[in-house]
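Here is the file target14.pdb (PDB, C-alpha atoms, pLDDT in the B column).
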```
MODEL        1
ATOM      1  CA  MET A   1      43.210  24.616  51.567  1.00 38.00           C
ATOM      2  CA  LYS A   2      45.274  27.718  52.103  1.00 37.00           C
ATOM      3  CA  THR A   3      44.068  31.302  52.393  1.00 40.00           C
ATOM      4  CA  LEU A   4      43.159  33.241  49.274  1.00 46.00           C
ATOM      5  CA  ASN A   5      45.239  36.426  49.298  1.00 49.00           C
ATOM      6  CA  ASP A   6      42.631  38.456  47.460  1.00 60.00           C
ATOM      7  CA  SER A   7      41.074  41.081  49.698  1.00 63.00           C
ATOM      8  CA  HIS A   8      38.721  42.112  46.877  1.00 63.00           C
ATOM      9  CA  GLU A   9      36.817  38.828  46.601  1.00 66.00           C
ATOM     10  CA  ASN A  10      33.977  38.360  46.018  1.00 74.00           C
ATOM     11  CA  ASN A  11      34.121  40.756  43.031  1.00 80.00           C
ATOM     12  CA  ASP A  12      32.947  38.455  40.263  1.00 77.00           C
ATOM     13  CA  SER A  13      30.130  40.636  38.883  1.00 85.00           C
ATOM     14  CA  PHE A  14      29.323  44.241  37.960  1.00 91.00           C
ATOM     15  CA  SER A  15      27.273  44.659  41.143  1.00 92.00           C
ATOM     16  CA  ALA A  16      30.143  43.371  43.313  1.00 88.00           C
ATOM     17  CA  ALA A  17      32.888  45.444  41.612  1.00 91.00           C
ATOM     18  CA  LYS A  18      35.425  46.797  44.075  1.00 89.00           C
ATOM     19  CA  GLN A  19      36.270  50.483  43.873  1.00 91.00           C
ATOM     20  CA  VAL A  20      39.771  51.598  42.945  1.00 90.00           C
ATOM     21  CA  THR A  21      41.229  55.043  42.445  1.00 90.00           C
ATOM     22  CA  ALA A  22      43.843  56.282  40.016  1.00 89.00           C
ATOM     23  CA  GLY A  23      47.376  55.878  41.227  1.00 84.00           C
ATOM     24  CA  THR A  24      46.614  53.025  43.593  1.00 74.00           C
ATOM     25  CA  ILE A  25      47.518  49.419  43.041  1.00 76.00           C
ATOM     26  CA  ALA A  26      44.939  46.759  43.712  1.00 75.00           C
ATOM     27  CA  GLY A  27      45.341  43.065  43.136  1.00 73.00           C
ATOM     28  CA  GLY A  28      43.749  39.688  43.056  1.00 74.00           C
ATOM     29  CA  LEU A  29      44.027  36.118  41.963  1.00 67.00           C
ATOM     30  CA  LEU A  30      42.857  34.647  38.686  1.00 70.00           C
ATOM     31  CA  VAL A  31      42.010  31.100  39.631  1.00 61.00           C
ATOM     32  CA  ASN A  32      39.046  28.867  38.861  1.00 59.00           C
ATOM     33  CA  LEU A  33      37.334  28.034  42.140  1.00 62.00           C
ATOM     34  CA  TYR A  34      34.061  26.389  43.038  1.00 62.00           C
ATOM     35  CA  ASP A  35      32.398  27.654  46.208  1.00 64.00           C
ATOM     36  CA  SER A  36      30.222  25.514  48.495  1.00 68.00           C
ATOM     37  CA  GLY A  37      27.204  26.286  46.305  1.00 73.00           C
ATOM     38  CA  GLY A  38      28.937  24.958  43.192  1.00 67.00           C
ATOM     39  CA  ASN A  39      29.359  28.452  41.725  1.00 65.00           C
ATOM     40  CA  ILE A  40      32.496  29.403  39.818  1.00 61.00           C
ATOM     41  CA  VAL A  41      34.327  32.207  41.637  1.00 59.00           C
ATOM     42  CA  GLY A  42      37.689  33.876  41.199  1.00 58.00           C
ATOM     43  CA  VAL A  43      37.948  33.567  37.426  1.00 68.00           C
ATOM     44  CA  LYS A  44      36.696  37.128  36.864  1.00 79.00           C
ATOM     45  CA  ASP A  45      37.579  40.227  38.881  1.00 84.00           C
ATOM     46  CA  TYR A  46      35.542  43.401  38.459  1.00 89.00           C
ATOM     47  CA  PHE A  47      36.765  46.787  39.651  1.00 91.00           C
ATOM     48  CA  LYS A  48      35.140  50.206  39.308  1.00 94.00           C
ATOM     49  CA  ILE A  49      36.512  53.712  39.092  1.00 94.00           C
ATOM     50  CA  ASN A  50      34.440  56.870  39.480  1.00 92.00           C
ATOM     51  CA  LEU A  51      35.019  59.254  36.579  1.00 89.00           C
ATOM     52  CA  THR A  52      33.858  62.823  37.103  1.00 87.00           C
ATOM     53  CA  GLU A  53      35.435  64.010  33.861  1.00 86.00           C
ATOM     54  CA  ALA A  54      36.686  62.339  30.707  1.00 85.00           C
ATOM     55  CA  LYS A  55      40.265  61.105  31.047  1.00 88.00           C
ATOM     56  CA  ASN A  56      42.945  59.196  29.190  1.00 91.00           C
ATOM     57  CA  LEU A  57      42.843  55.955  31.164  1.00 93.00           C
ATOM     58  CA  ARG A  58      45.494  53.229  31.378  1.00 95.00           C
ATOM     59  CA  VAL A  59      44.987  49.913  33.176  1.00 94.00           C
ATOM     60  CA  THR A  60      47.957  47.600  33.673  1.00 94.00           C
ATOM     61  CA  VAL A  61      47.955  44.046  35.022  1.00 92.00           C
ATOM     62  CA  ASN A  62      51.278  42.536  36.099  1.00 90.00           C
ATOM     63  CA  ASN A  63      52.440  39.214  37.535  1.00 85.00           C
ATOM     64  CA  ALA A  64      49.269  37.249  36.821  1.00 82.00           C
ATOM     65  CA  GLY A  65      51.150  33.946  36.836  1.00 78.00           C
ATOM     66  CA  LEU A  66      48.702  32.103  34.590  1.00 76.00           C
ATOM     67  CA  PRO A  67      49.475  28.778  32.921  1.00 72.00           C
ATOM     68  CA  SER A  68      51.494  29.190  29.733  1.00 75.00           C
ATOM     69  CA  SER A  69      48.441  28.464  27.546  1.00 73.00           C
ATOM     70  CA  ASP A  70      46.317  31.234  29.118  1.00 76.00           C
ATOM     71  CA  THR A  71      46.241  34.994  28.533  1.00 83.00           C
ATOM     72  CA  VAL A  72      45.307  37.945  30.747  1.00 87.00           C
ATOM     73  CA  LEU A  73      42.382  39.928  29.324  1.00 87.00           C
ATOM     74  CA  THR A  74      41.381  43.403  30.539  1.00 92.00           C
ATOM     75  CA  SER A  75      38.095  44.989  29.496  1.00 93.00           C
ATOM     76  CA  LEU A  76      36.542  48.405  30.043  1.00 94.00           C
ATOM     77  CA  PHE A  77      32.803  49.031  30.448  1.00 94.00           C
ATOM     78  CA  ASN A  78      31.053  52.404  30.662  1.00 90.00           C
ATOM     79  CA  ARG A  79      28.711  53.454  33.453  1.00 87.00           C
ATOM     80  CA  ASP A  80      25.857  51.552  31.783  1.00 88.00           C
ATOM     81  CA  ASN A  81      27.962  48.349  31.813  1.00 91.00           C
ATOM     82  CA  THR A  82      28.310  48.484  28.040  1.00 89.00           C
ATOM     83  CA  HIS A  83      31.564  47.038  26.735  1.00 91.00           C
ATOM     84  CA  VAL A  84      33.865  49.776  25.384  1.00 91.00           C
ATOM     85  CA  THR A  85      37.134  47.984  24.629  1.00 92.00           C
ATOM     86  CA  SER A  86      39.363  45.064  25.611  1.00 93.00           C
ATOM     87  CA  SER A  87      43.048  44.287  25.452  1.00 93.00           C
ATOM     88  CA  ASP A  88      44.857  41.023  25.988  1.00 90.00           C
ATOM     89  CA  GLY A  89      48.492  40.411  26.729  1.00 90.00           C
ATOM     90  CA  ASN A  90      50.280  37.266  27.781  1.00 90.00           C
ATOM     91  CA  ARG A  91      50.164  34.921  30.764  1.00 85.00           C
ATOM     92  CA  ASN A  92      51.615  37.565  33.113  1.00 88.00           C
ATOM     93  CA  TYR A  93      50.774  40.973  31.672  1.00 92.00           C
ATOM     94  CA  ALA A  94      48.114  43.041  29.915  1.00 93.00           C
ATOM     95  CA  ARG A  95      47.681  46.761  29.328  1.00 95.00           C
ATOM     96  CA  LEU A  96      44.574  48.611  28.213  1.00 95.00           C
ATOM     97  CA  THR A  97      44.710  52.290  27.251  1.00 95.00           C
ATOM     98  CA  ARG A  98      41.619  54.270  26.299  1.00 92.00           C
ATOM     99  CA  ASP A  99      41.341  58.015  25.808  1.00 90.00           C
ATOM    100  CA  ILE A 100      37.779  58.440  26.962  1.00 89.00           C
ATOM    101  CA  ARG A 101      37.932  62.131  26.049  1.00 84.00           C
ATOM    102  CA  LEU A 102      37.757  61.153  22.366  1.00 82.00           C
ATOM    103  CA  ASP A 103      34.563  59.146  22.949  1.00 81.00           C
ATOM    104  CA  TYR A 104      32.793  62.279  24.152  1.00 78.00           C
ATOM    105  CA  GLU A 105      33.719  64.941  21.607  1.00 74.00           C
ATOM    106  CA  PRO A 106      30.360  66.567  20.771  1.00 69.00           C
ATOM    107  CA  HIS A 107      31.304  67.455  17.206  1.00 64.00           C
ATOM    108  CA  TYR A 108      31.955  63.749  16.478  1.00 64.00           C
ATOM    109  CA  HIS A 109      29.363  61.978  18.565  1.00 64.00           C
ATOM    110  CA  GLY A 110      26.669  64.526  19.385  1.00 69.00           C
ATOM    111  CA  PHE A 111      26.873  64.205  23.184  1.00 69.00           C
ATOM    112  CA  THR A 112      29.211  65.234  25.968  1.00 72.00           C
ATOM    113  CA  PHE A 113      30.837  63.419  28.852  1.00 74.00           C
ATOM    114  CA  GLU A 114      28.819  65.468  31.302  1.00 73.00           C
ATOM    115  CA  GLU A 115      25.651  64.081  29.726  1.00 71.00           C
ATOM    116  CA  ASP A 116      26.627  60.440  29.325  1.00 71.00           C
ATOM    117  CA  GLY A 117      29.985  59.633  30.870  1.00 79.00           C
ATOM    118  CA  ARG A 118      30.078  60.554  34.534  1.00 82.00           C
ATOM    119  CA  GLY A 119      29.863  57.737  36.994  1.00 86.00           C
ATOM    120  CA  TYR A 120      31.398  54.382  37.749  1.00 93.00           C
ATOM    121  CA  TRP A 121      33.243  52.743  34.871  1.00 93.00           C
ATOM    122  CA  LYS A 122      34.085  49.073  35.296  1.00 94.00           C
ATOM    123  CA  ILE A 123      37.302  47.179  34.646  1.00 94.00           C
ATOM    124  CA  LEU A 124      37.221  43.411  34.178  1.00 91.00           C
ATOM    125  CA  VAL A 125      40.391  41.393  34.671  1.00 89.00           C
ATOM    126  CA  THR A 126      40.063  37.788  33.602  1.00 83.00           C
ATOM    127  CA  GLU A 127      41.706  34.811  31.966  1.00 75.00           C
ATOM    128  CA  TYR A 128      41.130  34.341  28.269  1.00 67.00           C
ATOM    129  CA  VAL A 129      39.915  30.750  28.544  1.00 56.00           C
ATOM    130  CA  ASN A 130      36.719  28.722  28.151  1.00 47.00           C
ATOM    131  CA  PHE A 131      34.316  30.055  30.803  1.00 47.00           C
ATOM    132  CA  ASP A 132      31.667  27.383  30.234  1.00 49.00           C
ATOM    133  CA  LYS A 133      33.617  24.589  31.904  1.00 49.00           C
ATOM    134  CA  PRO A 134      36.853  25.880  33.390  1.00 50.00           C
ATOM    135  CA  THR A 135      39.131  23.375  35.037  1.00 54.00           C
ATOM    136  CA  PRO A 136      38.964  23.968  38.793  1.00 54.00           C
ATOM    137  CA  ASP A 137      42.131  24.962  40.613  1.00 56.00           C
ATOM    138  CA  GLY A 138      40.506  24.471  44.002  1.00 54.00           C
ATOM    139  CA  SER A 139      37.277  24.660  45.934  1.00 54.00           C
ATOM    140  CA  GLY A 140      35.855  26.314  49.020  1.00 53.00           C
ATOM    141  CA  ASP A 141      34.422  29.667  49.988  1.00 54.00           C
ATOM    142  CA  PRO A 142      36.549  32.813  49.692  1.00 51.00           C
ATOM    143  CA  PRO A 143      38.707  33.841  51.379  1.00 46.00           C
ATOM    144  CA  ALA A 144      39.756  30.432  52.716  1.00 46.00           C
ATOM    145  CA  CYS A 145      39.906  28.393  49.553  1.00 46.00           C
ATOM    146  CA  PHE A 146      43.075  28.587  47.509  1.00 46.00           C
ATOM    147  CA  SER A 147      46.491  30.152  47.346  1.00 46.00           C
ATOM    148  CA  GLY A 148      48.276  31.195  44.219  1.00 51.00           C
ATOM    149  CA  SER A 149      50.338  33.983  42.786  1.00 55.00           C
ATOM    150  CA  GLY A 150      48.441  37.235  42.770  1.00 72.00           C
ATOM    151  CA  TYR A 151      48.431  39.901  40.080  1.00 82.00           C
ATOM    152  CA  SER A 152      48.713  43.641  40.552  1.00 86.00           C
ATOM    153  CA  LEU A 153      46.319  46.091  38.928  1.00 89.00           C
ATOM    154  CA  GLN A 154      47.364  49.697  38.388  1.00 92.00           C
ATOM    155  CA  VAL A 155      44.987  52.375  37.141  1.00 93.00           C
ATOM    156  CA  GLU A 156      46.498  55.619  35.848  1.00 93.00           C
ATOM    157  CA  PHE A 157      45.351  58.808  34.171  1.00 91.00           C
ATOM    158  CA  LEU A 158      47.634  59.933  31.358  1.00 89.00           C
ATOM    159  CA  PRO A 159      48.031  63.461  29.973  1.00 83.00           C
TER     160      PRO A 159
ENDMDL
END
```
Could you quickly redo this structure as structure tokens?
Amino acid sequence: MKTLNDSHENNDSFSAAKQVTAGTIAGGLLVNLYDSGGNIVGVKDYFKINLTEAKNLRVTVNNAGLPSSDTVLTSLFNRDNTHVTSSDGNRNYARLTRDIRLDYEPHYHGFTFEEDGRGYWKILVTEYVNFDKPTPDGSGDPPACFSGSGYSLQVEFLP
């Protein structure tokens, strides 16, 4: 097998999420792999971003290179790992935009960002496919297991 060009692996869970910062571009591969223990790896990529104040957040995935029947799915989770929102795109692209400032307006929700929002928010990039029994694209332990086209992940704060 060839080398997996995904410096963020193994980031297939909340606890293994790799930190990113706004304005930087990270990346990875969305492939279904089985490691030497028979575990599925590579089909989900978790990233985290530390929010110290509420922001208007945009996450963009480009060049995923998935099969034509698959779709890129991006999801956002708050600091408690509670799902906030998701957005799907097509086989190569997805964009998620969430104005987190609106989630923490005290006159609407009764709490502030300072009370409930600071901390590491998670971003999940994955294929929108059947996770129970995905078709393997390869096997082996990261990083020496599979090569494929990698996607780029860009995290931005909007005005």
Could you tell me which residues the PyMOL selection byres ((chain A and resi 87-98) around 10) grabs in this file, written as number ranges by chain? A: 55-76, 84-86, 99-103, 123, 125-128, 151-158
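Relative to atom CA of Trp121 of chain A, atom CA of Asn78 of chain A is found at 4.8 Å.
With distances taken over all atoms listed in the file, A:Lys122 is the one residue among A:Thr112, A:Gly150, A:His83, A:Lys122 lying closest to Thr21 of chain A.
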Tell me, as a VMD selection string, which residues lie within 9 Å of segment 45-49 of chain A, counting only C-alpha atoms; anything in the same chain fewer than 3 positions away does not count. chain A and resid 8 to 22 28 to 30 42 119 to 126 155
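The spacing separating atom CA of Glu115 of chain A from atom CA of Thr24 of chain A amounts to 27.5 Å.
Reported to one decimal place, the separation of atom CA of Ile25 of chain A from atom CA of Phe77 of chain A is 19.4 Å.
For the residues A:Lys44, A:Ala26, A:Leu51, A:Pro159, ranking by smallest atom-to-atom distance to Asp116 of chain A using only C-alpha atoms places A:Leu51 first.
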Identify, on the basis of all atoms listed in the file, every residue whose closest approach to Glu53 of chain A does not exceed 8 Å; exclude the query and any residue fewer than 4 positions from it along the same chain; express the result as a PyMOL selection string. chain A and resi 113-114+117-118
Box for segment 117-128 of chain A: with edges along x, y and z, all listed atoms inside and 4 Å added on each side, what are the centre and edge lengths in Å to one decimal, as lines of an AutoDock Vina configuration file?
```
center_x = 35.8
center_y = 47.4
center_z = 33.0
size_x = 19.8
size_y = 34.2
size_z = 17.5
```
